[in-house]
>>> print(open('run_31.cif').read())   # mmCIF, C-alpha atoms and all ligand atoms
data_start
#
loop_
_atom_site.group_PDB
_atom_site.id
_atom_site.type_symbol
_atom_site.label_atom_id
_atom_site.label_comp_id
_atom_site.auth_asym_id
_atom_site.auth_seq_id
_atom_site.Cartn_x
_atom_site.Cartn_y
_atom_site.Cartn_z
ATOM 1 C CA MET C 1491 58.068 81.700 99.327
ATOM 2 C CA ARG C 1492 55.296 79.604 97.808
ATOM 3 C CA SER C 1493 54.204 82.355 95.410
ATOM 4 C CA THR C 1494 57.831 82.806 94.369
ATOM 5 C CA PHE C 1495 57.996 79.124 93.566
ATOM 6 C CA ILE C 1496 54.805 79.258 91.512
ATOM 7 C CA ALA C 1497 56.063 82.325 89.636
ATOM 8 C CA ALA C 1498 59.306 80.503 88.874
ATOM 9 C CA CYS C 1499 57.399 77.457 87.590
ATOM 10 C CA ARG C 1500 55.237 79.607 85.339
ATOM 11 C CA LEU C 1501 58.289 81.282 83.943
ATOM 12 C CA LEU C 1502 59.996 77.958 83.254
ATOM 13 C CA ALA C 1503 56.884 76.797 81.413
ATOM 14 C CA LEU C 1504 57.070 79.957 79.314
ATOM 15 C CA VAL C 1505 60.740 79.297 78.654
ATOM 16 C CA ALA C 1506 59.950 75.763 77.536
ATOM 17 C CA VAL C 1507 57.293 76.987 75.084
ATOM 18 C CA ALA C 1508 59.505 79.726 73.706
ATOM 19 C CA ARG C 1509 62.403 77.320 73.296
ATOM 20 C CA GLY C 1510 60.234 74.925 71.372
ATOM 21 C CA LEU C 1511 59.302 77.666 68.957
ATOM 22 C CA LEU C 1512 62.836 78.820 68.536
ATOM 23 C CA THR C 1513 64.937 75.688 68.471
ATOM 24 C CA THR C 1514 66.380 76.344 65.013
ATOM 25 C CA THR C 1515 67.414 79.911 65.780
ATOM 26 C CA VAL C 1516 68.895 78.816 69.083
ATOM 27 C CA ALA C 1517 70.815 75.869 67.678
ATOM 28 C CA MET C 1518 72.365 77.978 64.973
ATOM 29 C CA ALA C 1519 73.403 80.843 67.187
ATOM 30 C CA GLN C 1520 74.666 78.937 70.203
ATOM 31 C CA ASP C 1521 78.305 79.870 70.074
ATOM 32 C CA ALA C 1522 79.317 83.458 70.887
ATOM 33 C CA ASN C 1523 82.487 83.269 68.842
ATOM 34 C CA PRO C 1524 82.023 80.405 66.382
ATOM 35 C CA SER C 1525 85.319 78.596 65.921
ATOM 36 C CA ILE C 1526 85.173 78.894 62.138
ATOM 37 C CA TRP C 1527 85.728 82.644 62.615
ATOM 38 C CA THR C 1528 88.857 82.145 64.719
ATOM 39 C CA GLY C 1529 90.966 80.856 61.789
ATOM 40 C CA VAL C 1530 90.823 77.082 61.446
ATOM 41 C CA TYR C 1531 93.144 76.520 58.472
ATOM 42 C CA SER C 1532 96.442 77.969 57.277
ATOM 43 C CA LYS C 1533 97.212 80.085 54.244
ATOM 44 C CA PRO C 1534 99.703 77.562 52.731
ATOM 45 C CA GLN C 1535 97.062 74.835 53.124
ATOM 46 C CA ALA C 1536 94.480 76.845 51.185
ATOM 47 C CA GLU C 1537 97.105 77.667 48.561
ATOM 48 C CA ARG C 1538 97.824 73.943 48.072
ATOM 49 C CA GLY C 1539 94.078 73.423 47.877
ATOM 50 C CA ARG C 1540 93.692 76.085 45.207
ATOM 51 C CA VAL C 1541 96.136 74.317 42.918
ATOM 52 C CA ARG C 1542 94.331 70.995 43.328
ATOM 53 C CA PHE C 1543 90.919 72.611 42.957
ATOM 54 C CA LEU C 1544 91.866 74.138 39.608
ATOM 55 C CA ASN C 1545 93.157 70.763 38.513
ATOM 56 C CA ASP C 1546 90.414 68.440 39.778
ATOM 57 C CA CYS C 1547 87.259 70.459 40.379
ATOM 58 C CA ALA C 1548 87.198 73.586 38.230
ATOM 59 C CA THR C 1549 86.016 71.776 35.097
ATOM 60 C CA CYS C 1550 82.561 71.529 36.691
ATOM 61 C CA HIS C 1551 82.556 74.194 39.444
ATOM 62 C CA ASN C 1552 84.487 76.856 37.481
ATOM 63 C CA PHE C 1553 87.867 78.373 38.350
ATOM 64 C CA ASP C 1554 86.178 81.012 40.560
ATOM 65 C CA LEU C 1555 83.809 78.493 42.235
ATOM 66 C CA GLN C 1556 80.816 80.232 40.678
ATOM 67 C CA GLY C 1557 79.547 77.008 39.091
ATOM 68 C CA GLN C 1558 79.109 75.955 35.469
ATOM 69 C CA GLY C 1559 75.384 75.645 34.839
ATOM 70 C CA THR C 1560 74.297 72.001 34.979
ATOM 71 C CA ARG C 1561 77.842 70.633 35.182
ATOM 72 C CA GLY C 1562 78.352 71.737 38.766
ATOM 73 C CA PRO C 1563 76.806 74.169 41.280
ATOM 74 C CA ALA C 1564 78.493 77.240 42.800
ATOM 75 C CA LEU C 1565 80.575 76.498 45.905
ATOM 76 C CA THR C 1566 80.559 80.041 47.201
ATOM 77 C CA GLY C 1567 78.243 82.813 48.343
ATOM 78 C CA ALA C 1568 74.521 82.407 48.943
ATOM 79 C CA PRO C 1569 74.109 79.002 47.208
ATOM 80 C CA PHE C 1570 76.892 77.571 49.385
ATOM 81 C CA MET C 1571 75.462 79.005 52.616
ATOM 82 C CA THR C 1572 71.942 77.853 51.752
ATOM 83 C CA ASN C 1573 73.152 74.264 51.561
ATOM 84 C CA TRP C 1574 75.768 74.241 54.308
ATOM 85 C CA GLU C 1575 74.798 76.764 56.969
ATOM 86 C CA ALA C 1576 74.780 75.284 60.495
ATOM 87 C CA GLN C 1577 76.361 72.030 59.298
ATOM 88 C CA ASP C 1578 79.794 71.039 60.490
ATOM 89 C CA LEU C 1579 82.940 70.663 58.424
ATOM 90 C CA LYS C 1580 82.761 66.889 58.829
ATOM 91 C CA SER C 1581 79.635 66.816 56.643
ATOM 92 C CA LEU C 1582 81.189 69.117 54.067
ATOM 93 C CA PHE C 1583 84.346 66.998 54.034
ATOM 94 C CA ALA C 1584 82.297 63.830 53.495
ATOM 95 C CA LYS C 1585 80.620 65.494 50.517
ATOM 96 C CA ILE C 1586 83.938 66.619 49.066
ATOM 97 C CA GLN C 1587 85.325 63.093 49.405
ATOM 98 C CA ARG C 1588 82.532 61.962 47.064
ATOM 99 C CA MET C 1589 83.931 64.305 44.395
ATOM 100 C CA PRO C 1590 84.915 64.655 41.588
ATOM 101 C CA LEU C 1591 81.458 63.502 40.641
ATOM 102 C CA ASN C 1592 82.845 61.491 37.734
ATOM 103 C CA ASN C 1593 85.596 59.898 39.855
ATOM 104 C CA PRO C 1594 84.580 59.826 43.546
ATOM 105 C CA ALA C 1595 87.106 59.209 46.345
ATOM 106 C CA SER C 1596 89.975 59.230 43.863
ATOM 107 C CA LEU C 1597 92.177 61.682 45.778
ATOM 108 C CA PRO C 1598 94.105 61.256 49.065
ATOM 109 C CA ASP C 1599 92.303 62.615 52.153
ATOM 110 C CA ALA C 1600 95.059 65.179 52.702
ATOM 111 C CA VAL C 1601 94.322 66.621 49.259
ATOM 112 C CA TYR C 1602 90.568 66.728 49.932
ATOM 113 C CA MET C 1603 91.359 68.551 53.174
ATOM 114 C CA ASP C 1604 93.493 71.142 51.374
ATOM 115 C CA ILE C 1605 90.743 71.661 48.797
ATOM 116 C CA MET C 1606 88.144 72.160 51.522
ATOM 117 C CA THR C 1607 90.248 74.873 53.151
ATOM 118 C CA TYR C 1608 90.478 76.620 49.793
ATOM 119 C CA ILE C 1609 86.662 76.566 49.554
ATOM 120 C CA LEU C 1610 86.542 78.084 53.074
ATOM 121 C CA GLN C 1611 89.025 80.750 52.041
ATOM 122 C CA VAL C 1612 86.994 81.736 48.963
ATOM 123 C CA ASN C 1613 83.948 81.958 51.230
ATOM 124 C CA ALA C 1614 85.846 84.528 53.348
ATOM 125 C CA PHE C 1615 86.357 82.384 56.443
ATOM 126 C CA PRO C 1616 89.639 83.645 57.923
ATOM 127 C CA GLU C 1617 93.049 81.976 57.818
ATOM 128 C CA GLY C 1618 94.764 80.921 61.021
ATOM 129 C CA GLU C 1619 98.155 79.627 62.077
ATOM 130 C CA ARG C 1620 97.714 75.897 61.712
ATOM 131 C CA ASP C 1621 96.558 73.419 59.088
ATOM 132 C CA LEU C 1622 93.056 72.055 59.486
ATOM 133 C CA SER C 1623 93.125 68.370 60.462
ATOM 134 C CA ALA C 1624 90.527 65.609 60.251
ATOM 135 C CA GLU C 1625 90.134 65.363 64.062
ATOM 136 C CA ALA C 1626 88.964 68.973 64.340
ATOM 137 C CA LEU C 1627 86.151 68.871 61.800
ATOM 138 C CA GLU C 1628 83.220 67.776 63.918
ATOM 139 C CA GLY C 1629 83.125 70.760 66.244
ATOM 140 C CA ILE C 1630 83.470 73.417 63.551
ATOM 141 C CA HIS C 1631 80.174 74.716 62.221
ATOM 142 C CA ILE C 1632 79.586 76.716 59.080
ATOM 143 C CA VAL C 1633 77.940 79.862 60.436
ATOM 144 C CA ARG C 1634 77.810 83.510 59.508
ATOM 145 C CA ARG C 1635 80.055 85.870 61.397
ATOM 146 C CA ASP C 1636 77.115 87.691 62.939
ATOM 147 C CA ALA C 1637 75.079 84.576 63.808
ATOM 148 C CA ALA C 1638 75.564 85.032 67.548
ATOM 149 C CA LYS C 1639 74.362 88.619 67.398
ATOM 150 C CA LEU C 1640 71.081 87.804 65.696
ATOM 151 C CA VAL C 1641 69.345 86.860 68.908
ATOM 152 C CA ALA C 1642 65.627 86.437 68.303
ATOM 153 C CA ASN C 1643 63.053 87.802 70.681
ATOM 154 C CA PHE C 1644 62.065 85.232 73.340
ATOM 155 C CA ALA C 1645 65.338 83.368 72.928
ATOM 156 C CA VAL C 1646 66.970 82.284 76.179
ATOM 157 C CA VAL C 1647 70.093 84.374 76.575
ATOM 158 C CA GLU C 1648 72.901 85.004 78.999
ATOM 159 C CA MET C 1649 74.228 88.503 79.570
ATOM 160 C CA VAL C 1650 76.827 90.010 81.843
ATOM 161 C CA GLY C 1651 76.548 93.555 83.176
ATOM 162 C CA CYS C 1652 76.313 95.803 86.217
ATOM 163 C CA LEU C 1653 73.268 95.412 88.435
ATOM 164 C CA ALA C 1654 71.625 98.731 89.329
ATOM 165 C CA GLN C 1655 68.354 100.008 90.685
ATOM 166 C CA ARG C 1656 66.632 102.862 88.866
ATOM 167 C CA PRO C 1657 65.048 105.829 90.680
ATOM 168 C CA ASP C 1658 61.639 104.223 89.992
ATOM 169 C CA SER C 1659 63.001 101.232 91.994
ATOM 170 C CA ARG C 1660 63.032 98.848 89.022
ATOM 171 C CA TRP C 1661 66.180 96.784 88.443
ATOM 172 C CA VAL C 1662 68.322 97.089 85.325
ATOM 173 C CA LEU C 1663 71.454 95.499 83.980
ATOM 174 C CA THR C 1664 73.711 98.220 82.562
ATOM 175 C CA SER C 1665 76.957 98.082 80.546
ATOM 176 C CA VAL C 1666 75.910 94.873 78.791
ATOM 177 C CA ALA C 1667 78.219 93.955 75.908
ATOM 178 C CA GLU C 1668 76.240 91.398 73.968
ATOM 179 C CA PRO C 1669 73.636 88.876 75.028
ATOM 180 C CA ILE C 1670 74.474 85.374 73.835
ATOM 181 C CA VAL C 1671 72.043 82.548 73.216
ATOM 182 C CA SER C 1672 72.208 80.104 76.079
ATOM 183 C CA ARG C 1673 70.544 77.277 77.944
ATOM 184 C CA ASP C 1674 68.317 78.097 80.890
ATOM 185 C CA GLN C 1675 70.433 76.291 83.524
ATOM 186 C CA PRO C 1676 72.402 78.371 86.051
ATOM 187 C CA LEU C 1677 76.080 78.819 85.201
ATOM 188 C CA THR C 1678 78.601 76.166 86.211
ATOM 189 C CA SER C 1679 81.682 77.313 88.139
ATOM 190 C CA ASP C 1680 83.703 77.240 84.898
ATOM 191 C CA GLU C 1681 81.141 79.393 83.134
ATOM 192 C CA LEU C 1682 81.087 81.805 86.085
ATOM 193 C CA LYS C 1683 84.844 82.331 85.679
ATOM 194 C CA LYS C 1684 84.373 83.078 81.984
ATOM 195 C CA ALA C 1685 81.518 85.456 82.771
ATOM 196 C CA ALA C 1686 83.708 87.341 85.262
ATOM 197 C CA ALA C 1687 86.286 87.928 82.524
ATOM 198 C CA LYS C 1688 83.750 89.121 79.937
ATOM 199 C CA PRO C 1689 84.197 92.749 78.862
ATOM 200 C CA LEU C 1690 81.400 95.199 79.545
ATOM 201 C CA GLY C 1691 79.554 97.173 76.875
ATOM 202 C CA THR C 1692 76.931 99.893 76.546
ATOM 203 C CA ASP C 1693 73.508 98.205 76.350
ATOM 204 C CA GLN C 1694 70.935 98.332 79.119
ATOM 205 C CA PHE C 1695 68.208 95.801 79.928
ATOM 206 C CA LEU C 1696 65.208 96.138 82.200
ATOM 207 C CA LEU C 1697 65.054 93.043 84.421
ATOM 208 C CA VAL C 1698 61.568 91.582 84.659
ATOM 209 C CA SER C 1699 60.556 89.149 87.453
ATOM 210 C CA VAL C 1700 63.917 89.634 89.108
ATOM 211 C CA LEU C 1701 62.778 90.054 92.743
ATOM 212 C CA PRO C 1702 62.773 86.287 93.558
ATOM 213 C CA PHE C 1703 66.527 86.370 92.848
ATOM 214 C CA LYS C 1704 67.115 89.009 95.573
ATOM 215 C CA PRO C 1705 68.874 91.618 93.415
ATOM 216 C CA GLY C 1706 69.370 93.864 96.476
ATOM 217 C CA ALA C 1707 72.187 91.583 97.609
ATOM 218 C CA TYR C 1708 74.233 92.226 94.429
ATOM 219 C CA GLN C 1709 73.596 95.908 93.749
ATOM 220 C CA GLY C 1710 76.578 97.493 91.956
ATOM 221 C CA GLN C 1711 78.195 94.105 91.309
ATOM 222 C CA LYS C 1712 79.060 92.434 88.025
ATOM 223 C CA VAL C 1713 76.435 89.735 87.513
ATOM 224 C CA SER C 1714 75.438 87.139 84.960
ATOM 225 C CA ALA C 1715 71.716 87.108 84.191
ATOM 226 C CA LYS C 1716 69.843 84.553 82.135
ATOM 227 C CA GLY C 1717 66.314 84.663 80.865
ATOM 228 C CA LEU C 1718 64.009 85.424 77.971
ATOM 229 C CA PHE C 1719 65.280 88.207 75.790
ATOM 230 C CA TYR C 1720 62.942 90.823 74.411
ATOM 231 C CA LYS C 1721 64.207 93.750 72.404
ATOM 232 C CA ALA C 1722 61.708 96.564 71.876
ATOM 233 C CA PRO C 1723 62.422 99.927 70.235
ATOM 234 C CA ASN C 1724 62.112 101.874 73.485
ATOM 235 C CA GLU C 1725 63.326 99.333 76.009
ATOM 236 C CA SER C 1726 65.016 95.945 75.973
ATOM 237 C CA ARG C 1727 63.937 93.478 78.619
ATOM 238 C CA LEU C 1728 65.173 90.301 80.176
ATOM 239 C CA ASN C 1729 62.609 88.063 81.869
ATOM 240 C CA VAL C 1730 64.992 86.642 84.461
ATOM 241 C CA THR C 1731 65.400 82.895 85.106
ATOM 242 C CA SER C 1732 68.737 83.070 86.926
ATOM 243 C CA LEU C 1733 70.926 85.763 88.423
ATOM 244 C CA GLN C 1734 74.433 85.067 89.697
ATOM 245 C CA PRO C 1735 77.125 87.478 90.900
ATOM 246 C CA VAL C 1736 80.453 87.020 89.080
ATOM 247 C CA ALA C 1737 82.589 89.852 90.541
ATOM 248 C CA ALA C 1738 82.240 92.134 93.549
ATOM 249 C CA SER C 1739 82.885 95.331 91.632
ATOM 250 C CA CYS C 1740 81.653 96.262 88.182
ATOM 251 C CA ALA C 1741 84.445 97.832 86.168
ATOM 252 C CA ASN C 1742 86.114 96.779 82.953
HETATM 253 C C1 LIG C 1801 82.237 66.148 36.654
HETATM 254 C C2 LIG C 1801 81.810 67.345 37.294
HETATM 255 C C3 LIG C 1801 82.284 67.606 38.713
HETATM 256 C C4 LIG C 1801 83.564 67.613 39.191
HETATM 257 C C5 LIG C 1801 84.847 67.357 38.418
HETATM 258 C C6 LIG C 1801 83.459 67.962 40.569
HETATM 259 N N1 LIG C 1801 82.169 68.145 40.935
HETATM 260 FE FE1 LIG C 1801 81.480 68.736 42.748
HETATM 261 N N2 LIG C 1801 79.595 68.596 42.094
HETATM 262 C C7 LIG C 1801 79.195 68.288 40.799
HETATM 263 C C8 LIG C 1801 77.760 68.275 40.720
HETATM 264 C C9 LIG C 1801 76.931 68.030 39.474
HETATM 265 C C10 LIG C 1801 77.267 68.557 42.018
HETATM 266 C C11 LIG C 1801 75.790 68.636 42.456
HETATM 267 C C12 LIG C 1801 75.255 67.266 42.683
HETATM 268 C C13 LIG C 1801 75.731 66.681 43.971
HETATM 269 O O1 LIG C 1801 75.694 67.367 45.003
HETATM 270 O O2 LIG C 1801 76.184 65.525 43.960
HETATM 271 C C14 LIG C 1801 78.454 68.766 42.847
HETATM 272 C C15 LIG C 1801 78.395 69.089 44.183
HETATM 273 C C16 LIG C 1801 79.490 69.459 44.932
HETATM 274 C C17 LIG C 1801 79.436 69.964 46.267
HETATM 275 C C18 LIG C 1801 78.174 70.236 47.055
HETATM 276 C C19 LIG C 1801 77.630 71.570 46.662
HETATM 277 C C20 LIG C 1801 76.443 71.980 47.508
HETATM 278 O O3 LIG C 1801 76.321 73.175 47.764
HETATM 279 O O4 LIG C 1801 75.681 71.105 47.937
HETATM 280 C C21 LIG C 1801 80.708 70.189 46.664
HETATM 281 C C22 LIG C 1801 81.142 70.772 48.004
HETATM 282 C C23 LIG C 1801 81.567 69.802 45.584
HETATM 283 N N3 LIG C 1801 80.803 69.373 44.548
HETATM 284 C C24 LIG C 1801 82.946 69.867 45.623
HETATM 285 C C25 LIG C 1801 83.748 69.400 44.596
HETATM 286 C C26 LIG C 1801 85.178 69.323 44.705
HETATM 287 C C27 LIG C 1801 85.976 69.765 45.926
HETATM 288 C C28 LIG C 1801 85.636 68.809 43.543
HETATM 289 C C29 LIG C 1801 87.054 68.469 43.183
HETATM 290 C C30 LIG C 1801 87.703 67.509 44.059
HETATM 291 C C31 LIG C 1801 84.495 68.578 42.703
HETATM 292 N N4 LIG C 1801 83.370 68.947 43.387
HETATM 293 C C32 LIG C 1801 84.557 68.082 41.411
HETATM 294 C C33 LIG C 1801 80.037 68.049 39.758
HETATM 295 C C34 LIG C 1801 81.414 67.954 39.820
#
>>> encode(input="run_31.cif", output="structure tokens", more="lines below")
Ligand code: HEC
Amino acid sequence: MRSTFIAACRLLALVAVARGLLTTTVAMAQDANPSIWTGVYSKPQAERGRVRFLNDCATCHNFDLQGQGTRGPALTGAPFMTNWEAQDLKSLFAKIQRMPLNNPASLPDAVYMDIMTYILQVNAFPEGERDLSAEALEGIHIVRRDAAKLVANFAVVEMVGCLAQRPDSRWVLTSVAEPIVSRDQPLTSDELKKAAAKPLGTDQFLLVSVLPFKPGAYQGQKVSAKGLFYKAPNESRLNVTSLQPVAASCAN
């Protein structure tokens, strides 16, 4: 029991160090399905924004948002992402409200909002059903579609899969869909429900330091495992910091 405790403490120390090194990666990739990719504005809203953009902004940023030399920078593609990645729409909106540069805050907020959705549309963020409103801005981050998939080695991740023991008696998690960057706390009851509903996939992870979590009790079950992620060419590993069953059987 005591040695288990010491092993757990050492692992947590390792987690703390790794997290320190990786805070930026982790912060940017926290959300499995970033809300900006679920469609946060409507097509008519972006269309209204396009008209106003051409009228009020294109003289400096160009009709195609590619920028006009020193008059105004590009508002699309790599230059846009370099400046705005990981920031929320509230910050971008605040910036837009300070435009046009030669006449700041001269337009109604509703018009600025429409223009922002047009900028999102040109940057290939998808349309949704409803207009974007001011209340929603804070929680919506500007992230790449694949941000959640770019999990760095030694990031703390959560994964859901089927717990199995190999012939060599080591434990593996099979049918894993996609590890997501996480915190190292055990799952709350809400999160456990979500984990139970998560679809399975095809990846397999070798579970390291899993014995303290008594994997024998959950063999063949659908479980959520958290820990330090390490992807190597021949074998991907998870250095386990928590293991919780989420469903008695493991089928999609
Ligand atoms: C008179 C020229 C001019 C007009 C008109 C103008 N802008 Fe700008 N804009 C600039 C310049 C110059 C910058 C770069 C300096 C800065 O960030 O303040 C800029 C910066 C920006 C940025 C930040 C770009 C980045 O990547 O950091 C955004 C967003 C923006 N403008 C949006 C707009 C919108 C929306 C309008 C129309 C409502 C508009 N601008 C009208 C000149 C202009």
>>> resolve_selection(input="run_31.cif", expression="the PyMOL selection byres (((chain C and resi 1687) around 12) and not hetatm)", output="list in words")
Val1650, Gly1651, Asp1680, Glu1681, Leu1682, Lys1683, Lys1684, Ala1685, Ala1686, Lys1688, Pro1689, Leu1690, Lys1712, Val1713, Ser1714, Val1736, Ala1737, Cys1740, Ala1741 and Asn1742 of chain C
>>> resolve_selection(input="run_31.cif", expression="the PyMOL selection byres (((chain C and resi 1643) around 9) and not hetatm)", output="JSON, numbers by chain")
{"C": [1641, 1642, 1644, 1645, 1646, 1718, 1719, 1720, 1721, 1722]}
>>> residues_near_ligand(input="run_31.cif", ligand="ligand LIG 1801 (chain C)", cutoff="9 Å", atoms="only C-alpha atoms and all ligand atoms", output="MDAnalysis selection string")
chainID C and resid 1542:1551 1557 1560:1566 1569:1574 1582:1597 1601:1602 1605:1606 1609
>>> residues_around(input="run_31.cif", residues="range 1629-1633 of chain C", least_positions_apart="3", cutoff="7 Å", atoms="all atoms listed in the file", output="PDB file with C-alpha atoms, in the frame of the given file")
ATOM      1  CA  SER C1525      85.319  78.596  65.921  1.00  0.00           C
ATOM      2  CA  ILE C1526      85.173  78.894  62.138  1.00  0.00           C
ATOM      3  CA  TRP C1574      75.768  74.241  54.308  1.00  0.00           C
ATOM      4  CA  GLU C1575      74.798  76.764  56.969  1.00  0.00           C
ATOM      5  CA  ALA C1576      74.780  75.284  60.495  1.00  0.00           C
ATOM      6  CA  GLN C1577      76.361  72.030  59.298  1.00  0.00           C
ATOM      7  CA  ASP C1578      79.794  71.039  60.490  1.00  0.00           C
ATOM      8  CA  LEU C1579      82.940  70.663  58.424  1.00  0.00           C
ATOM      9  CA  ALA C1626      88.964  68.973  64.340  1.00  0.00           C
ATOM     10  CA  ALA C1637      75.079  84.576  63.808  1.00  0.00           C
TER      11      ALA C1637
END
>>> resolve_selection(input="run_31.cif", expression="the PyMOL selection byres (((chain C and resi 1715) around 12) and not hetatm)", output="PyMOL selection string")
chain C and resi 1646-1653+1661-1664+1666+1668-1677+1682+1685+1695-1700+1703+1705+1708+1711-1714+1716-1719+1727-1736
>>> closest_residue(input="run_31.cif", among="C:Ser1532, C:Ser1679, C:Gln1694, C:Gln1709", to="Thr1607 in chain C", atoms="all atoms listed in the file")
C:Ser1532
>>> axis_aligned_box(input="run_31.cif", around="range 1560-1565 of chain C", padding_each_side="3 Å", output="JSON")
{"center_x": 77.4, "center_y": 73.9, "center_z": 40.4, "size_x": 12.3, "size_y": 12.6, "size_z": 16.9}
